[in-house]
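my_file00.csv follows; it contains CSV, C-alpha atoms.
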chain,number,residue,atom,x,y,z
D,1226,MET,CA,-17.2,-12.5,-44.1
D,1227,LYS,CA,-13.8,-13.6,-45.4
D,1228,GLN,CA,-12.3,-16.9,-44.1
D,1229,SER,CA,-9.1,-16.4,-42.2
D,1230,THR,CA,-6.1,-18.2,-43.7
D,1231,GLY,CA,-3.8,-18.0,-40.7
D,1232,SER,CA,-3.3,-20.8,-38.3
D,1233,HIS,CA,-4.7,-20.4,-34.7
D,1234,LYS,CA,-1.2,-19.9,-33.4
D,1235,THR,CA,-0.4,-17.1,-35.8
D,1236,ARG,CA,-3.6,-15.4,-35.1
D,1237,THR,CA,-3.0,-15.7,-31.3
D,1238,SER,CA,0.4,-14.0,-31.8
D,1239,ILE,CA,-1.1,-11.2,-33.8
D,1240,TRP,CA,-3.7,-10.6,-31.2
D,1241,ALA,CA,-1.1,-10.6,-28.4
D,1242,GLY,CA,0.8,-8.0,-30.4
D,1243,ILE,CA,-2.3,-5.8,-30.8
D,1244,ALA,CA,-3.1,-6.2,-27.2
D,1245,LEU,CA,0.4,-5.0,-26.2
D,1246,SER,CA,0.3,-2.0,-28.5
D,1247,THR,CA,-3.1,-0.9,-27.2
D,1248,LEU,CA,-2.3,-1.3,-23.5
D,1249,THR,CA,-3.9,2.1,-22.7
D,1250,LEU,CA,-6.5,2.1,-25.4
D,1251,SER,CA,-9.6,0.1,-26.2
D,1252,THR,CA,-11.4,0.1,-29.5
D,1253,VAL,CA,-15.2,-0.2,-30.0
D,1254,ALA,CA,-17.2,-0.4,-33.1
D,1255,HIS,CA,-18.5,2.9,-34.3
D,1256,ALA,CA,-22.3,2.8,-34.4
D,1257,ALA,CA,-22.7,4.7,-37.6
D,1258,GLY,CA,-20.2,2.9,-39.8
D,1259,ASP,CA,-17.0,1.0,-40.1
D,1260,GLU,CA,-14.8,3.5,-38.4
D,1261,ALA,CA,-13.4,2.4,-35.0
D,1262,LEU,CA,-13.6,4.7,-32.0
D,1263,VAL,CA,-10.5,4.7,-29.9
D,1264,ILE,CA,-11.4,5.1,-26.2
D,1265,PRO,CA,-8.5,5.7,-23.8
D,1266,ALA,CA,-8.4,3.5,-20.7
D,1267,ASP,CA,-9.6,4.7,-17.3
D,1268,SER,CA,-7.9,7.4,-15.3
D,1269,ASN,CA,-8.0,7.0,-11.6
D,1270,GLN,CA,-10.6,4.3,-12.3
D,1271,ILE,CA,-12.9,6.7,-14.1
D,1272,ALA,CA,-14.1,6.0,-17.6
D,1273,TYR,CA,-13.0,8.4,-20.5
D,1274,PRO,CA,-15.8,10.9,-21.1
D,1275,ALA,CA,-16.2,10.1,-24.8
D,1276,GLY,CA,-17.5,12.9,-27.0
D,1277,TRP,CA,-16.3,15.7,-24.8
D,1278,GLN,CA,-14.9,17.4,-28.0
D,1279,ASN,CA,-18.5,18.3,-28.8
D,1280,TRP,CA,-19.4,19.8,-25.4
D,1281,SER,CA,-20.3,23.4,-24.9
D,1282,VAL,CA,-18.2,26.1,-23.3
D,1283,ILE,CA,-18.3,27.2,-19.6
D,1284,ALA,CA,-15.3,29.5,-19.6
D,1285,SER,CA,-11.7,29.9,-20.8
D,1286,SER,CA,-8.5,31.0,-19.3
D,1287,HIS,CA,-4.9,31.9,-19.9
D,1288,ARG,CA,-2.6,30.8,-17.1
D,1289,THR,CA,0.3,33.2,-17.2
D,1290,ASP,CA,2.2,31.3,-14.5
D,1291,ASN,CA,2.7,28.2,-16.7
D,1292,ASN,CA,1.8,29.8,-20.0
D,1293,THR,CA,-1.1,27.6,-21.0
D,1294,LEU,CA,-4.4,28.4,-22.6
D,1295,ARG,CA,-7.5,26.5,-21.5
D,1296,VAL,CA,-11.1,26.1,-22.4
D,1297,ILE,CA,-13.5,24.8,-19.8
D,1298,LEU,CA,-16.3,22.6,-21.2
D,1299,GLY,CA,-19.3,20.9,-19.6
D,1300,ASN,CA,-21.6,18.0,-20.4
D,1301,ASP,CA,-25.3,18.9,-20.7
D,1302,ILE,CA,-25.9,18.8,-16.9
D,1303,ALA,CA,-23.0,21.0,-16.2
D,1304,ILE,CA,-23.9,23.5,-19.0
D,1305,LYS,CA,-27.5,23.8,-17.7
D,1306,ALA,CA,-26.2,24.4,-14.1
D,1307,ALA,CA,-23.6,26.9,-15.3
D,1308,ARG,CA,-26.1,28.9,-17.4
D,1309,GLN,CA,-28.6,29.0,-14.6
D,1310,GLY,CA,-26.0,29.8,-11.9
D,1311,HIS,CA,-26.7,26.6,-10.0
D,1312,THR,CA,-23.1,25.7,-9.3
D,1313,LEU,CA,-22.8,25.9,-5.5
D,1314,PRO,CA,-22.8,23.0,-5.4
D,1315,TRP,CA,-22.7,21.6,-8.9
D,1316,PRO,CA,-25.4,18.9,-9.4
D,1317,ASP,CA,-24.7,15.2,-9.5
D,1318,GLY,CA,-24.0,14.1,-13.0
D,1319,ALA,CA,-22.2,17.3,-13.9
D,1320,VAL,CA,-18.8,16.8,-15.7
D,1321,LEU,CA,-16.4,19.6,-16.2
D,1322,GLY,CA,-13.7,19.3,-18.7
D,1323,LYS,CA,-10.5,21.4,-19.0
D,1324,VAL,CA,-8.6,21.3,-22.3
D,1325,VAL,CA,-5.0,22.6,-21.8
D,1326,TRP,CA,-2.7,23.7,-24.6
D,1327,LYS,CA,0.7,25.4,-24.5
D,1328,ALA,CA,0.3,29.1,-25.2
D,1329,THR,CA,1.7,30.3,-28.5
D,1330,ALA,CA,1.5,33.5,-30.5
D,1331,LEU,CA,-1.0,33.5,-33.4
D,1332,PRO,CA,1.2,34.0,-36.5
D,1333,SER,CA,-1.2,36.4,-38.2
D,1334,TRP,CA,-1.7,38.5,-35.1
D,1335,PRO,CA,1.2,38.1,-32.7
D,1336,ALA,CA,-0.4,40.0,-29.8
D,1337,ALA,CA,-3.0,37.2,-29.7
D,1338,VAL,CA,-2.1,34.2,-27.5
D,1339,ALA,CA,-3.5,31.1,-29.1
D,1340,PRO,CA,-3.5,27.3,-28.4
D,1341,GLY,CA,-0.3,25.4,-29.4
D,1342,GLU,CA,0.6,21.9,-28.5
D,1343,LEU,CA,-2.0,19.9,-26.5
D,1344,VAL,CA,-0.8,19.3,-22.9
D,1345,HIS,CA,-3.7,17.3,-21.5
D,1346,THR,CA,-7.4,17.1,-20.7
D,1347,GLU,CA,-8.7,17.1,-17.2
D,1348,PHE,CA,-12.2,16.3,-16.0
D,1349,MET,CA,-14.1,16.6,-12.7
D,1350,PHE,CA,-17.0,14.2,-12.3
D,1351,LYS,CA,-19.7,15.1,-9.7
D,1352,ASP,CA,-21.2,12.1,-8.0
D,1353,SER,CA,-21.9,12.7,-4.3
D,1354,LYS,CA,-22.3,8.9,-3.6
D,1355,ARG,CA,-19.5,7.4,-5.7
D,1356,PHE,CA,-17.0,10.0,-4.7
D,1357,GLN,CA,-18.2,10.7,-1.2
D,1358,ASP,CA,-14.7,10.3,0.1
D,1359,SER,CA,-13.4,13.1,-2.1
D,1360,TYR,CA,-16.0,15.8,-1.5
D,1361,GLY,CA,-18.3,14.5,-4.2
D,1362,TRP,CA,-15.8,14.8,-7.1
D,1363,GLY,CA,-13.8,12.3,-9.1
D,1364,PHE,CA,-10.8,13.6,-11.0
D,1365,GLY,CA,-9.5,12.2,-14.3
D,1366,ARG,CA,-6.7,13.4,-16.5
D,1367,TRP,CA,-5.5,12.2,-20.0
D,1368,LEU,CA,-2.2,13.3,-21.4
D,1369,GLY,CA,-1.4,14.6,-24.9
D,1370,MET,CA,-2.9,13.8,-28.2
D,1371,ALA,CA,-2.8,10.1,-27.4
D,1372,GLN,CA,-4.8,10.8,-24.2
D,1373,THR,CA,-2.7,8.5,-22.1
D,1374,PRO,CA,-4.4,8.1,-18.7
D,1375,PHE,CA,-3.0,9.6,-15.6
D,1376,ASN,CA,-3.3,7.3,-12.6
D,1377,GLU,CA,-1.8,9.0,-9.6
D,1378,GLY,CA,-5.1,9.1,-7.8
D,1379,ASN,CA,-7.7,11.6,-6.8
D,1380,GLN,CA,-5.8,12.9,-3.8
D,1381,SER,CA,-3.1,14.5,-6.0
D,1382,CYS,CA,-5.8,16.5,-7.7
D,1383,ILE,CA,-7.7,17.4,-4.5
D,1384,ALA,CA,-4.5,18.8,-2.9
D,1385,CYS,CA,-4.2,21.5,-5.6
D,1386,HIS,CA,-7.9,22.3,-5.5
D,1387,THR,CA,-7.9,23.0,-1.7
D,1388,PRO,CA,-7.8,26.8,-2.2
D,1389,VAL,CA,-11.3,26.5,-3.8
D,1390,LYS,CA,-12.9,24.1,-1.3
D,1391,ASP,CA,-15.5,26.8,-0.6
D,1392,ASN,CA,-16.4,27.0,-4.3
D,1393,ASP,CA,-17.3,23.3,-4.4
D,1394,TRP,CA,-13.6,22.6,-5.2
D,1395,VAL,CA,-13.9,24.3,-8.6
D,1396,PHE,CA,-11.6,27.1,-9.8
D,1397,THR,CA,-13.7,28.0,-12.8
D,1398,GLU,CA,-16.2,30.8,-12.7
D,1399,PRO,CA,-18.7,30.3,-15.5
D,1400,ALA,CA,-18.4,33.0,-18.2
D,1401,ARG,CA,-21.3,35.3,-18.9
D,1402,PHE,CA,-23.3,34.1,-21.8
D,1403,PRO,CA,-26.3,36.0,-23.2
D,1404,SER,CA,-29.6,34.0,-23.0
D,1405,THR,CA,-30.7,35.2,-26.4
D,1406,GLY,CA,-31.9,32.5,-28.7
D,1407,VAL,CA,-31.6,29.6,-26.3
D,1408,SER,CA,-34.0,28.0,-23.9
D,1409,HIS,CA,-31.7,27.6,-20.9
C,1071,MET,CA,-59.0,32.1,-26.2
C,1072,LYS,CA,-60.0,35.0,-24.0
C,1073,GLN,CA,-62.0,37.9,-25.5
C,1074,SER,CA,-60.1,41.2,-25.4
C,1075,THR,CA,-62.0,43.9,-23.4
C,1076,GLY,CA,-59.9,46.8,-24.8
C,1077,SER,CA,-61.0,49.0,-27.7
C,1078,HIS,CA,-59.2,48.7,-31.0
C,1079,LYS,CA,-57.5,52.1,-30.4
C,1080,THR,CA,-56.2,51.0,-27.0
C,1081,ARG,CA,-54.9,47.8,-28.4
C,1082,THR,CA,-53.2,49.6,-31.2
C,1083,SER,CA,-51.4,51.9,-28.8
C,1084,ILE,CA,-50.3,48.9,-26.7
C,1085,TRP,CA,-48.9,47.2,-29.8
C,1086,ALA,CA,-47.1,50.3,-30.9
C,1087,GLY,CA,-45.5,50.6,-27.4
C,1088,ILE,CA,-44.4,47.0,-27.5
C,1089,ALA,CA,-43.0,47.5,-31.0
C,1090,LEU,CA,-41.0,50.5,-29.9
C,1091,SER,CA,-39.6,48.6,-26.9
C,1092,THR,CA,-38.5,45.7,-29.0
C,1093,LEU,CA,-37.0,47.5,-31.9
C,1094,THR,CA,-33.9,45.3,-31.9
C,1095,LEU,CA,-35.5,42.1,-30.6
C,1096,SER,CA,-38.1,39.7,-31.9
C,1097,THR,CA,-39.7,37.1,-29.7
C,1098,VAL,CA,-40.8,33.7,-30.9
C,1099,ALA,CA,-42.6,31.0,-29.0
C,1100,HIS,CA,-40.4,28.3,-27.5
C,1101,ALA,CA,-41.2,25.0,-29.0
C,1102,ALA,CA,-40.8,23.0,-25.8
C,1103,GLY,CA,-42.9,25.1,-23.4
C,1104,ASP,CA,-44.2,28.5,-22.5
C,1105,GLU,CA,-40.9,30.3,-22.3
C,1106,ALA,CA,-40.2,32.9,-25.0
C,1107,LEU,CA,-37.0,32.9,-26.9
C,1108,VAL,CA,-35.6,36.4,-27.5
C,1109,ILE,CA,-33.9,36.5,-30.9
C,1110,PRO,CA,-31.9,39.7,-31.6
C,1111,ALA,CA,-32.6,41.4,-34.9
C,1112,ASP,CA,-30.4,41.0,-37.9
C,1113,SER,CA,-26.8,42.4,-38.1
C,1114,ASN,CA,-25.7,43.5,-41.5
C,1115,GLN,CA,-28.9,41.8,-42.8
C,1116,ILE,CA,-27.8,38.4,-41.4
C,1117,ALA,CA,-30.1,36.5,-39.1
C,1118,TYR,CA,-28.9,35.8,-35.5
C,1119,PRO,CA,-27.4,32.3,-35.3
C,1120,ALA,CA,-29.7,31.1,-32.5
C,1121,GLY,CA,-28.3,28.4,-30.3
C,1122,TRP,CA,-24.6,29.3,-30.8
C,1123,GLN,CA,-24.2,29.0,-27.0
C,1124,ASN,CA,-24.3,25.2,-27.4
C,1125,TRP,CA,-21.8,25.0,-30.2
C,1126,SER,CA,-18.4,23.3,-29.9
C,1127,VAL,CA,-15.0,24.8,-29.6
C,1128,ILE,CA,-12.6,25.5,-32.5
C,1129,ALA,CA,-10.0,27.5,-30.5
C,1130,SER,CA,-9.5,30.2,-27.9
C,1131,SER,CA,-7.3,33.3,-27.6
C,1132,HIS,CA,-6.2,36.0,-25.3
C,1133,ARG,CA,-5.6,39.3,-27.1
C,1134,THR,CA,-3.0,41.1,-25.1
C,1135,ASP,CA,-3.3,44.3,-27.3
C,1136,ASN,CA,-6.9,45.0,-26.1
C,1137,ASN,CA,-7.0,42.7,-23.1
C,1138,THR,CA,-9.9,40.5,-24.2
C,1139,LEU,CA,-10.4,36.7,-23.9
C,1140,ARG,CA,-12.1,34.9,-26.7
C,1141,VAL,CA,-13.5,31.5,-27.5
C,1142,ILE,CA,-14.0,30.6,-31.1
C,1143,LEU,CA,-17.0,28.3,-31.7
C,1144,GLY,CA,-18.4,26.6,-34.8
C,1145,ASN,CA,-21.6,25.2,-36.0
C,1146,ASP,CA,-21.6,21.5,-37.0
C,1147,ILE,CA,-20.3,22.1,-40.5
C,1148,ALA,CA,-17.5,24.3,-39.2
C,1149,ILE,CA,-16.6,21.8,-36.5
C,1150,LYS,CA,-16.4,19.0,-38.9
C,1151,ALA,CA,-14.2,21.0,-41.2
C,1152,ALA,CA,-11.9,22.2,-38.4
C,1153,ARG,CA,-11.4,18.7,-37.0
C,1154,GLN,CA,-10.7,17.3,-40.4
C,1155,GLY,CA,-8.4,20.2,-41.4
C,1156,HIS,CA,-10.6,21.2,-44.3
C,1157,THR,CA,-10.5,24.9,-43.7
C,1158,LEU,CA,-8.7,26.3,-46.8
C,1159,PRO,CA,-11.3,27.2,-47.8
C,1160,TRP,CA,-14.0,26.7,-45.2
C,1161,PRO,CA,-17.0,24.9,-46.7
C,1162,ASP,CA,-20.3,26.6,-47.5
C,1163,GLY,CA,-22.6,26.5,-44.5
C,1164,ALA,CA,-19.8,26.9,-42.0
C,1165,VAL,CA,-20.4,29.5,-39.3
C,1166,LEU,CA,-17.6,30.6,-37.0
C,1167,GLY,CA,-18.5,32.4,-33.8
C,1168,LYS,CA,-16.2,34.5,-31.6
C,1169,VAL,CA,-17.3,35.3,-28.1
C,1170,VAL,CA,-15.3,38.2,-26.6
C,1171,TRP,CA,-15.1,39.1,-23.0
C,1172,LYS,CA,-13.0,41.7,-21.2
C,1173,ALA,CA,-10.1,39.9,-19.5
C,1174,THR,CA,-10.0,39.8,-15.7
C,1175,ALA,CA,-8.0,38.0,-13.1
C,1176,LEU,CA,-9.6,34.8,-11.6
C,1177,PRO,CA,-10.0,35.7,-7.9
C,1178,SER,CA,-9.0,32.3,-6.7
C,1179,TRP,CA,-5.9,32.1,-8.9
C,1180,PRO,CA,-4.8,35.7,-9.9
C,1181,ALA,CA,-2.2,34.4,-12.4
C,1182,ALA,CA,-5.1,33.1,-14.5
C,1183,VAL,CA,-6.7,35.5,-16.9
C,1184,ALA,CA,-10.4,34.7,-17.1
C,1185,PRO,CA,-13.6,36.1,-18.9
C,1186,GLY,CA,-15.1,39.2,-17.3
C,1187,GLU,CA,-17.8,41.4,-18.9
C,1188,LEU,CA,-19.1,40.3,-22.2
C,1189,VAL,CA,-18.1,42.7,-25.0
C,1190,HIS,CA,-19.8,41.2,-28.0
C,1191,THR,CA,-20.2,38.1,-30.2
C,1192,GLU,CA,-19.0,38.0,-33.8
C,1193,PHE,CA,-19.9,35.5,-36.5
C,1194,MET,CA,-18.6,34.7,-40.0
C,1195,PHE,CA,-21.1,33.0,-42.3
C,1196,LYS,CA,-19.6,31.1,-45.3
C,1197,ASP,CA,-21.9,31.2,-48.4
C,1198,SER,CA,-20.0,31.5,-51.6
C,1199,LYS,CA,-23.1,32.6,-53.6
C,1200,ARG,CA,-24.9,34.9,-51.2
C,1201,PHE,CA,-21.7,36.6,-50.1
C,1202,GLN,CA,-19.8,36.4,-53.4
C,1203,ASP,CA,-19.1,40.2,-53.2
C,1204,SER,CA,-17.3,39.8,-49.9
C,1205,TYR,CA,-15.1,36.8,-50.7
C,1206,GLY,CA,-17.8,34.3,-49.7
C,1207,TRP,CA,-18.2,35.6,-46.1
C,1208,GLY,CA,-21.0,37.4,-44.4
C,1209,PHE,CA,-20.1,39.1,-41.1
C,1210,GLY,CA,-22.4,39.7,-38.1
C,1211,ARG,CA,-21.8,41.2,-34.7
C,1212,TRP,CA,-24.1,41.6,-31.7
C,1213,LEU,CA,-23.1,43.8,-28.8
C,1214,GLY,CA,-23.2,43.0,-25.0
C,1215,MET,CA,-25.5,40.8,-23.0
C,1216,ALA,CA,-28.5,42.3,-24.9
C,1217,GLN,CA,-26.8,41.3,-28.2
C,1218,THR,CA,-27.7,44.5,-29.9
C,1219,PRO,CA,-27.0,44.2,-33.6
C,1220,PHE,CA,-24.1,46.0,-35.2
C,1221,ASN,CA,-25.1,47.4,-38.6
C,1222,GLU,CA,-22.1,49.1,-40.1
C,1223,GLY,CA,-21.8,46.6,-42.9
C,1224,ASN,CA,-19.6,43.8,-44.1
C,1225,GLN,CA,-16.9,46.1,-45.4
C,1226,SER,CA,-15.9,47.4,-42.0
C,1227,CYS,CA,-15.2,43.8,-41.0
C,1228,ILE,CA,-13.4,42.8,-44.2
C,1229,ALA,CA,-11.0,45.7,-43.8
C,1230,CYS,CA,-9.7,44.3,-40.6
C,1231,HIS,CA,-9.5,40.8,-41.9
C,1232,THR,CA,-7.4,41.7,-44.9
C,1233,PRO,CA,-4.1,40.5,-43.3
C,1234,VAL,CA,-5.5,37.0,-43.4
C,1235,LYS,CA,-7.0,37.0,-46.9
C,1236,ASP,CA,-4.7,34.1,-47.8
C,1237,ASN,CA,-6.1,32.1,-44.9
C,1238,ASP,CA,-9.7,32.4,-46.3
C,1239,TRP,CA,-10.1,35.6,-44.4
C,1240,VAL,CA,-10.0,33.8,-41.0
C,1241,PHE,CA,-7.6,34.7,-38.2
C,1242,THR,CA,-8.3,31.5,-36.2
C,1243,GLU,CA,-6.1,28.5,-36.4
C,1244,PRO,CA,-8.1,25.5,-35.2
C,1245,ALA,CA,-6.7,24.1,-31.9
C,1246,ARG,CA,-5.4,20.6,-31.8
C,1247,PHE,CA,-8.1,18.2,-30.5
C,1248,PRO,CA,-7.4,14.5,-29.9
C,1249,SER,CA,-9.7,12.3,-32.0
C,1250,THR,CA,-10.2,9.8,-29.2
C,1251,GLY,CA,-13.8,8.9,-28.5
C,1252,VAL,CA,-15.4,10.8,-31.4
C,1253,SER,CA,-16.2,9.9,-34.9
C,1254,HIS,CA,-15.0,13.0,-36.7

Would you encode the structure as structure tokens?
Amino acid sequence: MKQSTGSHKTRTSIWAGIALSTLTLSTVAHAAGDEALVIPADSNQIAYPAGWQNWSVIASSHRTDNNTLRVILGNDIAIKAARQGHTLPWPDGAVLGKVVWKATALPSWPAAVAPGELVHTEFMFKDSKRFQDSYGWGFGRWLGMAQTPFNEGNQSCIACHTPVKDNDWVFTEPARFPSTGVSH
Amino acid sequence: MKQSTGSHKTRTSIWAGIALSTLTLSTVAHAAGDEALVIPADSNQIAYPAGWQNWSVIASSHRTDNNTLRVILGNDIAIKAARQGHTLPWPDGAVLGKVVWKATALPSWPAAVAPGELVHTEFMFKDSKRFQDSYGWGFGRWLGMAQTPFNEGNQSCIACHTPVKDNDWVFTEPARFPSTGVSH
């Protein structure tokens, strides 16, 4: 390990600068090497669901009212529930993720609407104890490629989800996936 | 192991019947238990990419010309290439999957176009040696929830992909995913 040559004061200033520039991000060592993982700060007091980019698909949608394209992902518990049709209610531990892009025309096939700029990612976390005051669901949202946390609270999310309160507060209907070649 | 009580002739007839009823399917023991995995037969002499339902997302699309909704998935090699932007060309071993559903309106939000009936799944397998006669790609397609193999040959697929020959024969542009919380 190299010895620092800076004075304590200089190093303190450097750290203060880094702290300011990462107000909404925290960095943890990557287990497999020297890379650093950047983990966005909490949204609505809920931790960022690191690794969601590798989750499997529950459904997709094209919202023609705001011209966005979405894929709906799930963690392992959510995927198992979706594939088995056990989603009324969704089980504790299930996390649903919605990745939202502006819709754009695919250059090579303009009749195909494809993902453009990333708008935000949204997640619903099922925990009937922790979120008993919001029908068992916690809601988080992170904005843009920087995944800046949204912090206007669960209630702003619940208000929009009220039309689907009888569907366990979830808009998504899991897409039909063949069961060929998988065990669930 | 139980002793069979049937004659050889009876057992032969039973096996012939089973063989007929599974012409397009093969069944292998599930490693983790007593369930059987149903693996569809080859398409264009390419093996079914078992487990694709758990793959991660590369992109999605809504084809307005034939009103279908699609998600584009990738195996680990393809996902790594997509996230790192190394897709011209895609690396050997990459498999791209396209899951195609008829588009339908989401009942709870009719302005949202959502997946309805499954049409088919389509896969592109990159292997510059095996598929050197078709620009490095093998093409497979399996139809409907039964995943019945399509066997009209690579050339019928390549014909439609000709407009994107300069994009390594791939229509899909990988969607923008934030790198927060993941190592690739």

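For the atom pair formed by atom CA of C:Gly1223 and atom CA of C:Gly1206, the distance is 14.6 Å, given to one decimal.
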
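With distances restricted to all atoms listed in the file, D:Gly1322 is the closest residue to D:Gly1276 from D:Leu1294, D:Gly1322, D:Ala1306, D:Pro1316.
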
Chain D contacts to chain C at 6 Å (only C-alpha atoms) as a list in words: Leu1262, Val1263, Ile1264, Ala1275, Gly1276, Asn1279, Trp1280, Ser1281, Ser1286, His1287, Arg1288, Thr1289, Asp1290, Ala1336, Ala1337, Val1338, Ala1339, Pro1340, Met1370, Ala1400, Pro1403, Thr1405, Gly1406 and Val1407 of chain D

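The space separating atom CA of C:Asn1224 from atom CA of C:Trp1207 comes to 8.6 Å.
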